[in-house]
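This report refers to the structure that appears directly beneath it.
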Amino acid sequence: MGENTKTKNQKQTTFKPLWLIISIIALVVVLLLPTPDSLPFMAKGALAILLFAVILWVTEAVTYPVSSTMVVALIILLVGFSPVGDLTKELGNPQANGHVLKGDDIMGTGNALKLAFSGFSSSAVALVAAALFLATAMKITNLHKRLALLVLSVVGNKTKNIVIGTILVAIALAFFVPSATARAGAVIPILLGMIAAFGVSKQSKLGGLLVMTAVQAVSIWNVGIKTAAAQNIVAINFINAKLGVDVSWGQWFLYAAPWSIIMSIALYFIMLKVMPPEQKEISGGKELVKKQLNELGPITGKEWRLIVISLLLLIFWATEKILHPIDSSSIILIALAIMLTPKIGIMSWKEAEKQIPWGTVIVFGVGISLGNVLLQTGAAQWLSDKTFGLIGLDNYPIVVTIALISLFNILIHLGFASATSLASALIPVFISLTSTLHLGDQSIGFVLIQQFVISFGFLLPVSSPQAMLAYGTETFTVKDFLKTGVPITVLGYILVVVFSFTYWHWLGLV
């Protein structure tokens, strides 16, 4: 769902031995440090694994799937050979060879293995995997490209209108393509074709304007729609497991879509102000788009079936908990079964499996597993108490707390190329922070808002896979991206704070 962190070639060559060695040293150092009385040994091991994983994620010393297998191995070893302590409440009296484990008994690698793979038993992983199939179906049928071309064919030749069309494409695709990378991959080639066809340089302001607008709009709608990005599903999984609330698609949309709508309008003015194009219109641009549409030919039977399935999927998502009790994961799995059914479906298993980024599923499942380990061992609570708790956040009003933690969230995102990994590391800590600050009924809203902020990634190309995809087109520099990203991030942050004491407060979220 948009968490493929690099291009294919980059994935094949990612290996930084120095950073791998540093991550191992950091792991060993944490394990050798004296264990505080308030920190169970198993929790200390979990924190060591977290530090190891964060260094690998931030530096991309190895690929994300490889780092995930390393994390699994460390959970098995460090948790497996740790005393059980007080985990019986969380784990339901773990057993080894029929013996109920208590107190100083060793957890055992079998029980640790269950923890290491606990993320894969989550319904969230099923949703992500099924969503990857949906994105693949869009790619196989070219439906996402047709939708993008249809929108751009309507807006005309004027540069300002093409910017509007680019934003509208990103919004429309966010409802139907649950992958930020796939959405960016659908519209950016079309924009590059328009630029190249009329002799405009890729390094022109117009080229940078259109491509950056596309990717920033994609990121903005990662916030607005629950199923638009994998990191949202990570957060929902933890909120459901630890706070006992399942935020439906419609509830998420009610909370976040107004923010994304305002940001989309602001994006139009910010981009034209910061990256004013050299020309006011692309002569013949509309004709070029229509030509590409004609090359796609008439809508095929498979496309019609995918359109019907996608619309029904959207309707069932939007009416979850209103007209029916079926959860988001179950809905998309039913849709997947129909898409794979011979004759009436869209694609065969062989067609799909070649294009599914299976590493994304592995990263996602292990990320949830690591979060579960942090929560169940008490590591997340201890980390929350010793960091945020010590700076006296419990003395501030909830809006001030949201403002401070959101700022921290934005800054730490600068080091992460994957919002899914960031959510896996931070959401368990934020959930524990709600206990530290005694937020009570405001806990869900606080964690949800921090998840919105985790999806920002507007400042640097390395902050999201879709931005890296756009950066690879060589239409803009890092400096250009930062120039547009700073005002977008500042406005987004201000809106989060304003919404916290107005709109979200009126809805009872905080």
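FYI, nothing fancy with the structure tokens labels: chains A, B, ... in order, residues from 1 per chain, ligands from 1 as they appear.
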
| Residues at most 8 Å from stretch 437-454 of chain A, counting only C-alpha atoms, excluding those fewer than 3 positions away in the same chain, as a PyMOL selection string? | chain A and resi 223+231-232+235+239+243+245+256+389+393-394+402+405-406+409-410+413+419+422-423+427+430-431+433-434+457+493+496+509-510

Hey, can you spit out that residue selection with C-alpha atoms as a PDB file, in the first residue's frame?
```
ATOM      1  CA  VAL A 223      -4.278  11.540   5.783  1.00  0.00           C
ATOM      2  CA  GLN A 231       0.556   3.346   7.972  1.00  0.00           C
ATOM      3  CA  ASN A 232      -3.082   4.169   8.702  1.00  0.00           C
ATOM      4  CA  ALA A 235      -2.389   2.703  13.685  1.00  0.00           C
ATOM      5  CA  ILE A 239      -5.841   1.360  18.522  1.00  0.00           C
ATOM      6  CA  LEU A 243      -7.756   0.839  23.237  1.00  0.00           C
ATOM      7  CA  VAL A 245     -11.994   0.841  19.412  1.00  0.00           C
ATOM      8  CA  ALA A 256      -9.589  13.665   8.421  1.00  0.00           C
ATOM      9  CA  GLY A 389       6.332  11.788  31.096  1.00  0.00           C
ATOM     10  CA  LEU A 393       3.137  17.013  29.625  1.00  0.00           C
ATOM     11  CA  ASP A 394       0.401  15.968  32.041  1.00  0.00           C
ATOM     12  CA  ILE A 402      -1.038  17.548  20.782  1.00  0.00           C
ATOM     13  CA  ILE A 405       3.988  15.847  20.291  1.00  0.00           C
ATOM     14  CA  SER A 406       2.974  16.658  16.695  1.00  0.00           C
ATOM     15  CA  ASN A 409       6.459  13.700  15.217  1.00  0.00           C
ATOM     16  CA  ILE A 410       7.205  15.965  12.229  1.00  0.00           C
ATOM     17  CA  HIS A 413       9.864  11.858  10.320  1.00  0.00           C
ATOM     18  CA  ALA A 419       5.748   5.961   7.279  1.00  0.00           C
ATOM     19  CA  LEU A 422       7.505   5.138  11.713  1.00  0.00           C
ATOM     20  CA  ALA A 423       3.964   4.184  12.721  1.00  0.00           C
ATOM     21  CA  ILE A 427       2.106   4.456  17.698  1.00  0.00           C
ATOM     22  CA  PHE A 430       1.841   7.183  21.801  1.00  0.00           C
ATOM     23  CA  ILE A 431      -0.728   4.663  23.052  1.00  0.00           C
ATOM     24  CA  LEU A 433       1.660   7.979  26.521  1.00  0.00           C
ATOM     25  CA  THR A 434      -2.127   8.243  26.825  1.00  0.00           C
ATOM     26  CA  GLY A 457       6.290  13.516   4.787  1.00  0.00           C
ATOM     27  CA  TYR A 493       0.701  21.629  11.508  1.00  0.00           C
ATOM     28  CA  VAL A 496      -3.862  20.140  13.207  1.00  0.00           C
ATOM     29  CA  LEU A 509     -12.436  13.363  19.242  1.00  0.00           C
ATOM     30  CA  VAL A 510     -10.412  15.395  21.750  1.00  0.00           C
TER      31      VAL A 510
END
```

| request: Name all residues at most 10 Å from stretch 75-80 of chain A (count only C-alpha atoms; drop same-chain ones fewer than 5 positions away) and give them as a ChimeraX atom specification. | output: /A:31,41-46,48-49,69-70,106-117,369-370,373,377

How would the residues just picked look written out with N, CA and C atoms as a compact mmCIF listing (two decimals), in the first residue's frame?
```
# COMPACT_ATOMS: atom_id res chain seq x y z
N LEU A 31 21.77 -3.80 25.62
CA LEU A 31 21.64 -5.04 26.38
C LEU A 31 22.63 -5.10 27.55
N PHE A 41 13.47 -7.17 32.22
CA PHE A 41 14.55 -7.52 31.31
C PHE A 41 14.04 -7.75 29.89
N MET A 42 12.85 -8.35 29.78
CA MET A 42 12.27 -8.59 28.46
C MET A 42 11.97 -7.28 27.74
N ALA A 43 11.50 -6.29 28.50
CA ALA A 43 11.22 -4.98 27.94
C ALA A 43 12.50 -4.30 27.48
N LYS A 44 13.58 -4.50 28.24
CA LYS A 44 14.88 -3.96 27.85
C LYS A 44 15.32 -4.56 26.51
N GLY A 45 15.11 -5.87 26.36
CA GLY A 45 15.43 -6.51 25.09
C GLY A 45 14.60 -5.95 23.95
N ALA A 46 13.32 -5.67 24.22
CA ALA A 46 12.44 -5.09 23.20
C ALA A 46 12.93 -3.71 22.78
N ALA A 48 16.03 -2.68 22.91
CA ALA A 48 17.26 -2.89 22.14
C ALA A 48 16.92 -3.24 20.69
N ILE A 49 15.90 -4.09 20.52
CA ILE A 49 15.46 -4.46 19.16
C ILE A 49 14.92 -3.23 18.43
N THR A 69 13.25 -9.60 8.71
CA THR A 69 13.62 -10.95 9.12
C THR A 69 14.61 -10.91 10.27
N MET A 70 15.48 -9.90 10.28
CA MET A 70 16.43 -9.73 11.39
C MET A 70 15.69 -9.44 12.69
N ILE A 106 11.70 -18.99 31.87
CA ILE A 106 12.09 -18.45 30.57
C ILE A 106 10.90 -18.51 29.61
N MET A 107 10.74 -17.45 28.84
CA MET A 107 9.62 -17.36 27.91
C MET A 107 9.61 -18.53 26.92
N GLY A 108 10.79 -18.87 26.39
CA GLY A 108 10.87 -19.96 25.43
C GLY A 108 10.74 -19.46 24.00
N THR A 109 11.50 -20.06 23.10
CA THR A 109 11.49 -19.59 21.71
C THR A 109 10.14 -19.84 21.03
N GLY A 110 9.42 -20.87 21.45
CA GLY A 110 8.11 -21.13 20.86
C GLY A 110 7.13 -20.00 21.10
N ASN A 111 7.08 -19.54 22.36
CA ASN A 111 6.20 -18.41 22.70
C ASN A 111 6.70 -17.12 22.07
N ALA A 112 8.03 -16.96 22.01
CA ALA A 112 8.59 -15.76 21.38
C ALA A 112 8.26 -15.74 19.89
N LEU A 113 8.27 -16.92 19.28
CA LEU A 113 7.93 -17.02 17.86
C LEU A 113 6.49 -16.57 17.61
N LYS A 114 5.60 -16.94 18.53
CA LYS A 114 4.21 -16.50 18.41
C LYS A 114 4.12 -14.97 18.44
N LEU A 115 4.92 -14.36 19.34
CA LEU A 115 4.95 -12.90 19.41
C LEU A 115 5.53 -12.31 18.13
N ALA A 116 6.61 -12.93 17.64
CA ALA A 116 7.29 -12.42 16.45
C ALA A 116 6.38 -12.43 15.22
N PHE A 117 5.42 -13.38 15.20
CA PHE A 117 4.50 -13.48 14.07
C PHE A 117 3.09 -13.02 14.42
N SER A 369 4.19 -6.75 14.65
CA SER A 369 4.72 -7.66 15.67
C SER A 369 5.64 -6.93 16.64
N LEU A 370 6.52 -6.09 16.10
CA LEU A 370 7.43 -5.33 16.96
C LEU A 370 6.65 -4.39 17.87
N VAL A 373 5.24 -6.41 20.66
CA VAL A 373 6.28 -6.74 21.64
C VAL A 373 6.53 -5.55 22.56
N THR A 377 5.43 -6.20 26.48
CA THR A 377 6.52 -6.33 27.45
C THR A 377 6.59 -5.14 28.41
```

| task | Rank A:Glu320, A:Tyr255, A:Phe269, A:Ala184 by their smallest atom-to-atom distance to A:His505, using only C-alpha atoms, and report the top residue only. | result |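 Nearest to A:His505: A:Tyr255.
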
| field | Which of stretch 42-184 of chain A fall in helix (DSSP H, G or I), as a VMD selection string | value | chain A and resid 42 to 59 64 to 80 88 to 91 109 to 116 118 to 121 123 to 141 143 to 155 159 to 176 180 to 184

| request: Quick one: pull the distance between atom CA of A:Tyr503 and atom CA of A:Gly244, Å, one decimal. | output: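 Atom CA of A:Gly244 lies at a distance of 23.6 Å from atom CA of A:Tyr503.
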
| task | Check the smallest atom-to-atom distance from each of A:Ala214, A:Leu426, A:Ala124, A:Val400 to A:Thr227 using only C-alpha atoms, then report the winner. | result |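 When distances to A:Thr227 are compared using only C-alpha atoms, the smallest one comes from A:Ala124.
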
| When distances are computed from only C-alpha atoms, which of A:Ser248, A:Thr401, A:Ser23, A:Thr341 shows the smallest separation from A:Val62? |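 Going through A:Ser248, A:Thr401, A:Ser23, A:Thr341 one by one, the smallest distance to A:Val62 is for A:Ser23.
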
| Between A:Val486, A:Ile326, A:Ala148, A:Val289, which has the minimum distance to A:Asp246 (counting only C-alpha atoms)? | A:Ile326

Just asking: which residues within stretch 95-180 of chain A are strand (DSSP E or B) according to DSSP, as a PDB file with N, CA and C atoms, in the first residue's frame?
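File produced: part-v7.pdb:
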```pdb
ATOM      1  N   GLN A  95       2.462 -21.079  27.858  1.00  0.00           N
ATOM      2  CA  GLN A  95       2.858 -22.415  28.309  1.00  0.00           C
ATOM      3  C   GLN A  95       4.061 -22.931  27.531  1.00  0.00           C
ATOM      4  N   ALA A  96       4.820 -23.796  28.161  1.00  0.00           N
ATOM      5  CA  ALA A  96       5.929 -24.494  27.513  1.00  0.00           C
ATOM      6  C   ALA A  96       5.838 -25.958  27.915  1.00  0.00           C
ATOM      7  N   HIS A  99       3.433 -26.750  30.618  1.00  0.00           N
ATOM      8  CA  HIS A  99       3.661 -26.094  31.908  1.00  0.00           C
ATOM      9  C   HIS A  99       3.340 -24.611  31.801  1.00  0.00           C
ATOM     10  N   VAL A 100       2.489 -24.109  32.708  1.00  0.00           N
ATOM     11  CA  VAL A 100       2.162 -22.686  32.721  1.00  0.00           C
ATOM     12  C   VAL A 100       3.364 -21.914  33.243  1.00  0.00           C
ATOM     13  N   GLY A 103       6.585 -16.007  36.632  1.00  0.00           N
ATOM     14  CA  GLY A 103       7.722 -15.346  37.253  1.00  0.00           C
ATOM     15  C   GLY A 103       9.022 -15.441  36.503  1.00  0.00           C
ATOM     16  N   ASP A 104       9.987 -16.192  37.062  1.00  0.00           N
ATOM     17  CA  ASP A 104      11.330 -16.253  36.508  1.00  0.00           C
ATOM     18  C   ASP A 104      11.507 -17.309  35.419  1.00  0.00           C
ATOM     19  N   ASP A 105      10.422 -18.024  35.070  1.00  0.00           N
ATOM     20  CA  ASP A 105      10.523 -19.003  33.994  1.00  0.00           C
ATOM     21  C   ASP A 105      10.926 -18.314  32.684  1.00  0.00           C
ATOM     22  N   ILE A 106      11.698 -18.990  31.874  1.00  0.00           N
ATOM     23  CA  ILE A 106      12.093 -18.450  30.572  1.00  0.00           C
ATOM     24  C   ILE A 106      10.900 -18.506  29.613  1.00  0.00           C
ATOM     25  N   LYS A 158      -4.575  25.383 -19.897  1.00  0.00           N
ATOM     26  CA  LYS A 158      -3.978  26.370 -19.007  1.00  0.00           C
ATOM     27  C   LYS A 158      -3.239  25.682 -17.858  1.00  0.00           C
TER      28      LYS A 158
END
```

| request: Compile the contact shell of A:Gly365 as a list in words: residues with an atom at most 6 Å away, counting only C-alpha atoms, same-chain residues fewer than 2 positions apart removed. | output: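 Once the adjacent positions are removed, what remains is Gly119, Phe120, Ile362, Val363, Gly367 and Ile368 of chain A.
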
| task | Write out as a PyMOL selection string each polymer residue whose atoms come within 7 Å of A:Gly371, counting only C-alpha atoms; drop sequence neighbours fewer than 3 positions from it. | result | chain A and resi 367-368+374-375+424-425+428

Give me, as CSV, each residue of stretch 344-441 of chain A that comes within 9 Å of stretch 128-136 of chain A, together with its shortest interatomic pair and the distance in Å at one decimal, counting only C-alpha atoms, with rows ordered by chain and rising residue number.
```
residue,atom,partner,partner_atom,distance
A:Ala352,CA,A:Thr136,CA,6.5
A:Glu353,CA,A:Phe133,CA,8.5
A:Gln355,CA,A:Thr136,CA,6.6
A:Ile356,CA,A:Leu132,CA,6.4
A:Pro357,CA,A:Leu132,CA,7.7
A:Trp358,CA,A:Ala129,CA,8.3
A:Thr360,CA,A:Ala129,CA,8.5
A:Val361,CA,A:Ala129,CA,6.2
A:Phe364,CA,A:Val128,CA,8.1
```

| task | Write out as a ChimeraX atom specification the residues lying within 12 Å of A:Leu311, counting only C-alpha atoms and excluding same-chain residues fewer than 5 positions away. | result | /A:172,175-177,304-306,316-318,332,335

Residue selection dump (N, CA and C atoms) as a tab-separated table (two decimals), in the first residue's frame:
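The new file result-v8.tsv reads:
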```tsv
chain	number	residue	atom	x	y	z
A	172	ALA	N	-9.18	11.70	-6.50
A	172	ALA	CA	-10.03	10.62	-7.04
A	172	ALA	C	-9.37	9.25	-6.87
A	175	PHE	N	-9.42	7.30	-3.38
A	175	PHE	CA	-10.60	6.52	-2.99
A	175	PHE	C	-10.51	5.08	-3.49
A	176	PHE	N	-9.84	4.89	-4.62
A	176	PHE	CA	-9.89	3.59	-5.28
A	176	PHE	C	-8.56	2.84	-5.34
A	177	VAL	N	-7.45	3.54	-5.17
A	177	VAL	CA	-6.13	2.91	-5.24
A	177	VAL	C	-5.45	3.02	-3.88
A	304	TRP	N	-14.79	-2.58	-16.69
A	304	TRP	CA	-16.14	-2.36	-16.18
A	304	TRP	C	-16.38	-3.14	-14.90
A	305	ARG	N	-15.90	-4.39	-14.88
A	305	ARG	CA	-16.08	-5.21	-13.68
A	305	ARG	C	-15.29	-4.61	-12.50
A	306	LEU	N	-14.08	-4.11	-12.79
A	306	LEU	CA	-13.28	-3.50	-11.74
A	306	LEU	C	-13.92	-2.21	-11.24
A	316	PHE	N	-19.42	0.08	0.53
A	316	PHE	CA	-19.42	-0.75	1.75
A	316	PHE	C	-18.46	-0.20	2.80
A	317	TRP	N	-17.32	0.33	2.37
A	317	TRP	CA	-16.39	0.97	3.32
A	317	TRP	C	-17.07	2.17	3.99
A	318	ALA	N	-17.69	3.01	3.16
A	318	ALA	CA	-18.28	4.26	3.66
A	318	ALA	C	-19.47	4.01	4.59
A	332	ILE	N	-12.76	-5.94	1.83
A	332	ILE	CA	-11.82	-5.99	0.70
A	332	ILE	C	-11.42	-7.42	0.37
A	335	ALA	N	-14.03	-8.67	-1.86
A	335	ALA	CA	-13.79	-8.09	-3.19
A	335	ALA	C	-12.65	-8.81	-3.90
```

| Atom pair atom CA of A:Val247 / atom CA of A:Ile220: separation (Å) | 19.6 Å
